[in-house]
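Visitor: Please read through the structure below; I'll follow up with questions.
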Number of protein chains: 2
Amino acid sequence: LSSGKEIGLTVRKEENFSDWYGQLVLKSGLADYGSTKGALILRPYGYSIWESIRETFDKYLKDTGHENGFLPVMIPEALLKKEEEHFKGFNSEVFWVTRAGTNNLSESLALRPTSETIAYWAFARWISSYRDLPLKINFWNSALRAEIKATKPLIRNSEFLWQEGHTVHESSDDAQKEVNLILGLYKKLIEEYLAIPVRQGLKSNQEKFVGAVSTASLESLMGDGRALQMATSHHLGQNFSKPFEIKYLGRDNTEQYAWQTSWGTSWRLIGAVAMIHGDNKGLILPPKIAPIQVIIIPIHKKADEGLVKEHTKYVLVDLEQANIRAKIDERDEYTAGWKFNDWELRGVPLRINVGPKDIEKSKLEISRRDTREKITIGRNELVQTICSLLNQIQNDLYTKAKEFLSSNTTPAFDFETFKKIISEKGGFITAGWCGRDFCETQIKEQTGADIRIIPEDDDSIMENIECVFCRQKPSVRVLFARAY
Amino acid sequence: LSSGKEIGLTVRKEENFSDWYGQLVLKSGLADYGSTKGALILRPYGYSIWESIRETFDKYLKDTGHENGFLPVMIPEALLKKEEEHFKGFNSEVFWVTRAGTNNLSESLALRPTSETIAYWAFARWISSYRDLPLKINFWNSALRAEIKATKPLIRNSEFLWQEGHTVHESSDDAQKEVNLILGLYKKLIEEYLAIPVRQGLKSNQEKFVGAVSTASLESLMGDGRALQMATSHHLGQNFSKPFEIKYLGRDNTEQYAWQTSWGTSWRLIGAVAMIHGDNKGLILPPKIAPIQVIIIPIHKKADEGLVKEHTKYVLVDLEQANIRAKIDERDEYTAGWKFNDWELRGVPLRINVGPKDIEKSKLEISRRDTREKITIGRNELVQTICSLLNQIQNDLYTKAKEFLSSNTTPAFDFETFKKIISEKGGFITAGWCGRDFCETQIKEQTGADIRIIPEDDDSIMENIECVFCRQKPSVRVLFARAY
């Protein structure tokens with residue numbers, strides 16, 4: 001960022017959410033557009049948030065017995081076609097490599113839209129006995145999908161960073177336990193680290209992953225009232241183990257097809273953080289995933305430079321010794337005011353100004369990014385106050401988002417009300433559904449809202465309620481929304 | 001690995017190095033072949049070694065002010081063609097995406113053979129003033145090259161994991177300092193962590209990176225006497241900044257083209273570890289990068305099971321508290337002998353057997369993987385002995401490889417001797433070269449050996465010696481070898 005450039009956001013969140021978000025992603029230094037349709041470059045600041053997320057989730061995975069691996073990005077056409085439903089689901093958005101150097105390839109190679117097919121082709125060779133199970137492997141890579149719909153940075157791109165986990169088990173029950181375990185880990189990551197509340201449940205038959213028996217999903221509401229699928233965990237049953245011949249010799253000495261799961265989340269989590277917590281000044285990062293939690297700004301005239309700079313270093317050392325991720329903004333070529341704006345834009349949770357008067361009085365001025373509140377504290381209260389403020393901000397962001405989610409979840413008992421809510425208020429609509437594809441499709445076509453989940457965390461599941469479209473009973477209560 | 005499978009190597013290193021290496025990579029669980037020509041899958045064990053290398057080098061990079069980012073894998077043809085030499089160098093091995101779903105693309109998209117072009121297309125937008133410099137970004141990703149020559153796992157694959165760093169500076173001098181800094185970091189990583197000695201120097205004009213002003217390289221000798229390029233660091237001068245228009249407003253208020261570097265190393269480092277340290281029993285991992293440094297094997301009959309298993313846990317806790325990466329092999333379905341072979345194959349530096357007699361006598365039996373030596377120690381000496389043995393092994397592996405490198409570096413003063421050494425002994429040949437492309441090409445065509453480097457670490461550079469081919473003076477002393 002050069003001093004000459006306009007760094008602030010010029011569109012307000014309330015006025016044009018989509019443009020505000022686009023500016024936010026670019027101007028905060030998270031990302032930049034790539035050179036092909038829908039492509040995105042992650043700049044160091046955005047990537048460092050991805051590293052925070054990756055390190056946190058990777059630890060969860062390793063603590064629960066998962067290991068990482070690497071798969072090639074190119075998948076032969078024949079392999080991608082092996083599970084028919086799966087191929088049908090992805091076919092329209094697959095990028096194909098047809099040439100190497102000046103030679104046409106004899107078989108086209110797909111760029112991975114997801115790795116079930118290539119992974120299971122390999123798993124079949126690695127598994128021969130129950131001793132080889134469970135197999136629990138995760139891949140931190142990127143997936144490629146030619147997006148036909150409009151693209152959106154971090155939410156819908158032609159290539160995106162993600163992780164995809166693939167596991168193999170001895171029984172359907174073991175696979176279901178894995179599906180639940182992973183959904184729990186995603187929920188912990190998203191709620192505790194990203195400060196984003198989620199709703200949890202199963203996808204409808206039409207919306208589940210192509211090739212899966214069932215898909216469990218976490219859904220959140222963005223600042224504009226649209227839903228975003230945050231992470232999914234699929235029970236694949238034996239749908240892939242049969243075509244890919246993943247068989248094992250069981251404890252009973254008979255050969256059996258294995259049971260599988262797959263699950264993933266992506267850099268869209270960063271997009272969700274921006275859309276949910278961000279404001280008209282820029283990003284607001286939850287302290288737990290903020291690459292920089294505290295930015296220290298030296299404020300001085302030429303005469304005080306030595307004194308102030310020395311003092312900022314003491315502040316830094318104190319914070320670092322308490323394992324707080326802090327940094328001094330030492331760029332002499334920028335004014336303090338410019339730096340304030342820059343770090344607000346980047347969403348650093350806390351800012352400390354250090355000037356000659358503060359040093360004289362043994363005081364420090366702290367600014368909260370989320371509330372923009374200023375607090376003056378004694379120099380000796382530094383570490384304790386910062387720790388407690390970081391906790392406070394993490395909690396406050398979650399609470400605020402939770403309130404937003406609650407107040408934007410509205411029941412609808414008839415289709416007229418449903419349509420009115422969708423067009424005027426948005427958010428989640430909780431309504432009855434008879435379970436038929438027909439009603440689901442009609443609702444989607446007429447309102448743009450689809451079934452996000454059949455909630456697991458809703459006490460009112462399976463009440464004696466009517467389908468909001470056809471008025472049939474019995475119905476289940478589901479969450480509808482327009483979604484990204 | 002199932003108990004029914006043959007797990008040991010069936011080819012000896014001395015007899016058929018290439019087949020031995022191929023078996024080693026597959027049977028140790030490092031990797032498996034992919035489903036297209038030259039493709040490789042990294043299995044969890046291989047990936048965990050890559051994670052060790054990545055974490056170590058990533059820390060070096062961050063400590064020296066580098067940040068990570070993400071670039072899309074697809075590069076538009078026009079962009080890849082922008083720097084002509086560069087494109088000519090890679091053109092024959094580029095994979096091309098020509099179709100998305102059922103639609104032909106209007107412009108073909110290359111899969112990154114390396115990211116200079118797409119990175120610098122973006123850098124041009126991010127840089128406008130000296131304030132934005134230096135820009136030092138690294139990318140942990142994969143590169144794709146359709147290998148026309150024979151492929152070899154971890155050494156030459158159609159897709160490989162690597163890191164590529166790209167930096168931009170205000171002066172040629174700053175860029176040169178970066179080139180040297182990075183080469184030093186690679187040297188530290190490879191010598192101190194992988195226990196592999198390297199020779200350091202500049203590539204000849206014919207062998208340097210396409211588009212670079214100069215390429216500095218680290219070269220090692222594999223167990224069969226062939227050289228392997230371990231890492232390279234390129235001074236790009238203004239060769240890319242001009243076509244990509246990376247300009248900045250200088251401190252003197254004039255607009256200038258920037259100076260650049262790029263540098264990389266790949267998963268071939270894992271291949272080098274296997275080829276240099278491995279033996280006929282399998283891998284031998286240097287302790288510093290071994291994902292598991294100590295494997296603990298409980299040895300018991302049914303009656304002693306409880307006692308022995310409890311005791312292995314105490315051993316584990318003691319080691320973990322000393323930050324040693326240890327693991328108990330708890331697989332009841334395998335025999336102790338099978339486990340010994342398995343962990344030898346995987347190259348774990350130390351093994352501890354825990355049996356009822358050891359517990360009774362307060363003793364432990366430790367086996368070194370590298371020398372296969374067995375040491376019996378008192379239980380209370382555990383942590384101290386293990387720490388010292390791990391250090392010892394790390395040093396011994398390096399010393400052994402260093403001796404191999406020295407004894408396989410042979411001077412040649414005439415071309416007949418040169419040819420004899422190459423065909424009979426292999427290794428590095430140190431010989432004079434007049435500096436002309438002609439002699440370099442003749443030598444390569446007649447012997448298969450090329451100039452690996454013009455050594456920087458050789459005192460005898462620029463002596464008054466003759467070119468080994470044309471006998472002209474003056475010449476520089478260079479290192480020749482047949483290479484992978």
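Naming works like this for the structure tokens: A, B, ... for the chains as they're shown, residue 1 at the start of each chain, ligands 1 onward in shown order.
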With only C-alpha atoms as the counted atoms, please give the residues lying no more than 12 Å from Leu9 of chain B, apart from itself and same-chain residues fewer than 3 positions off, as a VMD selection string.
Guide: chain B and resid 5 to 6 12 to 13 16 to 17 19 to 28 278 to 283 341 to 342 344 to 346
Visitor: Those residues you just picked out, can you put them in a file as an mmCIF file, in the first residue's frame with C-alpha atoms?
Guide:
```
data_model
loop_
_atom_site.group_PDB
_atom_site.id
_atom_site.type_symbol
_atom_site.label_atom_id
_atom_site.label_comp_id
_atom_site.auth_asym_id
_atom_site.auth_seq_id
_atom_site.Cartn_x
_atom_site.Cartn_y
_atom_site.Cartn_z
ATOM 1 C CA LYS B 5 2.856 -58.842 2.251
ATOM 2 C CA GLU B 6 6.585 -59.101 1.611
ATOM 3 C CA ARG B 12 20.430 -54.589 -3.401
ATOM 4 C CA LYS B 13 21.672 -51.007 -3.609
ATOM 5 C CA ASN B 16 20.753 -52.156 -9.205
ATOM 6 C CA PHE B 17 20.621 -48.708 -7.660
ATOM 7 C CA ASP B 19 15.416 -50.555 -8.838
ATOM 8 C CA TRP B 20 16.574 -50.471 -5.216
ATOM 9 C CA TYR B 21 15.521 -46.820 -5.010
ATOM 10 C CA GLY B 22 12.174 -47.500 -6.673
ATOM 11 C CA GLN B 23 11.390 -50.270 -4.182
ATOM 12 C CA LEU B 24 12.596 -48.138 -1.291
ATOM 13 C CA VAL B 25 10.209 -45.295 -2.097
ATOM 14 C CA LEU B 26 7.229 -47.616 -2.493
ATOM 15 C CA LYS B 27 7.831 -50.152 0.270
ATOM 16 C CA SER B 28 8.808 -47.685 2.983
ATOM 17 C CA GLY B 278 19.389 -45.483 2.694
ATOM 18 C CA ASP B 279 20.711 -49.051 2.788
ATOM 19 C CA ASN B 280 19.519 -52.535 1.866
ATOM 20 C CA LYS B 281 17.214 -52.636 4.880
ATOM 21 C CA GLY B 282 15.433 -49.431 3.894
ATOM 22 C CA LEU B 283 15.435 -45.722 4.656
ATOM 23 C CA ASN B 341 11.622 -54.923 9.817
ATOM 24 C CA ASP B 342 8.847 -52.416 9.276
ATOM 25 C CA GLU B 344 13.924 -50.399 9.764
ATOM 26 C CA LEU B 345 12.348 -50.033 6.341
ATOM 27 C CA ARG B 346 10.901 -46.688 7.404
#
```
Visitor: Find the residues in chain A near chain B: any atom within 6 Å counts, using only C-alpha atoms. Write them as a list in words.
Guide: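 Listed by rising number, the hits are Ile41, Leu42, Arg43, Pro44, Tyr47, Glu67, Asn68, Gly69, Phe70, Leu71, Asn91, Ser92, Glu93, Val94, Phe95, Trp96, Val97, Arg99, Ala100 and Gly101 of chain A.
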Visitor: Taking C-alpha atoms for each residue, export the selection above as an mmCIF file, in the first residue's frame.
Guide:
```cif
data_model
loop_
_atom_site.group_PDB
_atom_site.id
_atom_site.type_symbol
_atom_site.label_atom_id
_atom_site.label_comp_id
_atom_site.auth_asym_id
_atom_site.auth_seq_id
_atom_site.Cartn_x
_atom_site.Cartn_y
_atom_site.Cartn_z
ATOM 1 C CA ILE A 41 -4.514 -14.652 -5.664
ATOM 2 C CA LEU A 42 -4.135 -14.818 -1.897
ATOM 3 C CA ARG A 43 -1.811 -12.054 -0.735
ATOM 4 C CA PRO A 44 0.401 -12.595 2.322
ATOM 5 C CA TYR A 47 -2.599 -16.301 3.402
ATOM 6 C CA GLU A 67 -2.578 -37.896 8.753
ATOM 7 C CA ASN A 68 -1.875 -35.719 5.721
ATOM 8 C CA GLY A 69 -0.907 -36.733 2.196
ATOM 9 C CA PHE A 70 -0.556 -35.414 -1.336
ATOM 10 C CA LEU A 71 -2.510 -36.323 -4.476
ATOM 11 C CA ASN A 91 -18.983 -32.834 -15.261
ATOM 12 C CA SER A 92 -20.163 -29.367 -16.270
ATOM 13 C CA GLU A 93 -17.532 -27.611 -14.179
ATOM 14 C CA VAL A 94 -14.424 -29.688 -14.810
ATOM 15 C CA PHE A 95 -11.313 -28.166 -16.401
ATOM 16 C CA TRP A 96 -9.696 -30.542 -18.887
ATOM 17 C CA VAL A 97 -6.043 -30.852 -19.838
ATOM 18 C CA ARG A 99 -2.335 -31.180 -24.456
ATOM 19 C CA ALA A 100 1.234 -31.480 -23.125
ATOM 20 C CA GLY A 101 3.785 -29.336 -24.926
#
```
Visitor: Would you return as a PyMOL selection string the members of segment 93-290 of chain A that DSSP assigns to strand (DSSP E) on this structure's backbone?
Guide: chain A and resi 95-100+103-111+135-144+159-169+199-202+214-221+227-237+247-249+255-257+259-266
Visitor: Please give the complete set of residues from segment 86-315 of chain B that DSSP, run on the backbone, assigns to alpha helix (DSSP H), formatted as a PyMOL selection string.
Guide: chain B and resi 86-90+116-126+172-188+268-277+305-315
Visitor: Name the closest residue to Gln394 of chain A among the candidates A:Val213, A:Leu135, A:Ala290, A:Ala124; distances are taken between atoms, counting only C-alpha atoms.
Guide: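 Among the listed residues, the smallest separation from Gln394 of chain A belongs to A:Ala290.
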Visitor: One decimal, in Å: what's the spacing between atom CA of Lys288 of chain A and atom CA of Ala326 of chain A?
Guide: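 Atom-to-atom, atom CA of Lys288 of chain A and atom CA of Ala326 of chain A are spaced 12.7 Å apart.
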Visitor: Would you compute the distance between atom CA of Ser214 of chain A and atom CA of Glu445 of chain A? Give it in Å to one decimal.
Guide: 23.5 Å
Visitor: For Glu178 of chain B, work out the shell of residues within 8 Å, counting only C-alpha atoms and skipping chain neighbours fewer than 4 positions away, then give it as a list in words.
Guide: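 Listing them by chain and then by number gives Asp174, Ile182 and Thr261 of chain B.
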Visitor: Kindly export the residues of the current selection with C-alpha atoms, as a PDB file, in the first residue's frame.
Guide:
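Dumped to result-v2.pdb:
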```
ATOM      1  CA  ASP B 174      20.052  -5.991  -2.975  1.00  0.00           C
ATOM      2  CA  ILE B 182      18.581 -17.859   0.311  1.00  0.00           C
ATOM      3  CA  THR B 261      15.161 -12.971  -7.632  1.00  0.00           C
TER       4      THR B 261
END
```
Visitor: Just to confirm, what's the straight-line distance from atom CA of Gln163 of chain B to atom CA of Met230 of chain B in Å (one decimal)?
Guide: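 Interatomic distance here is 12.5 Å.
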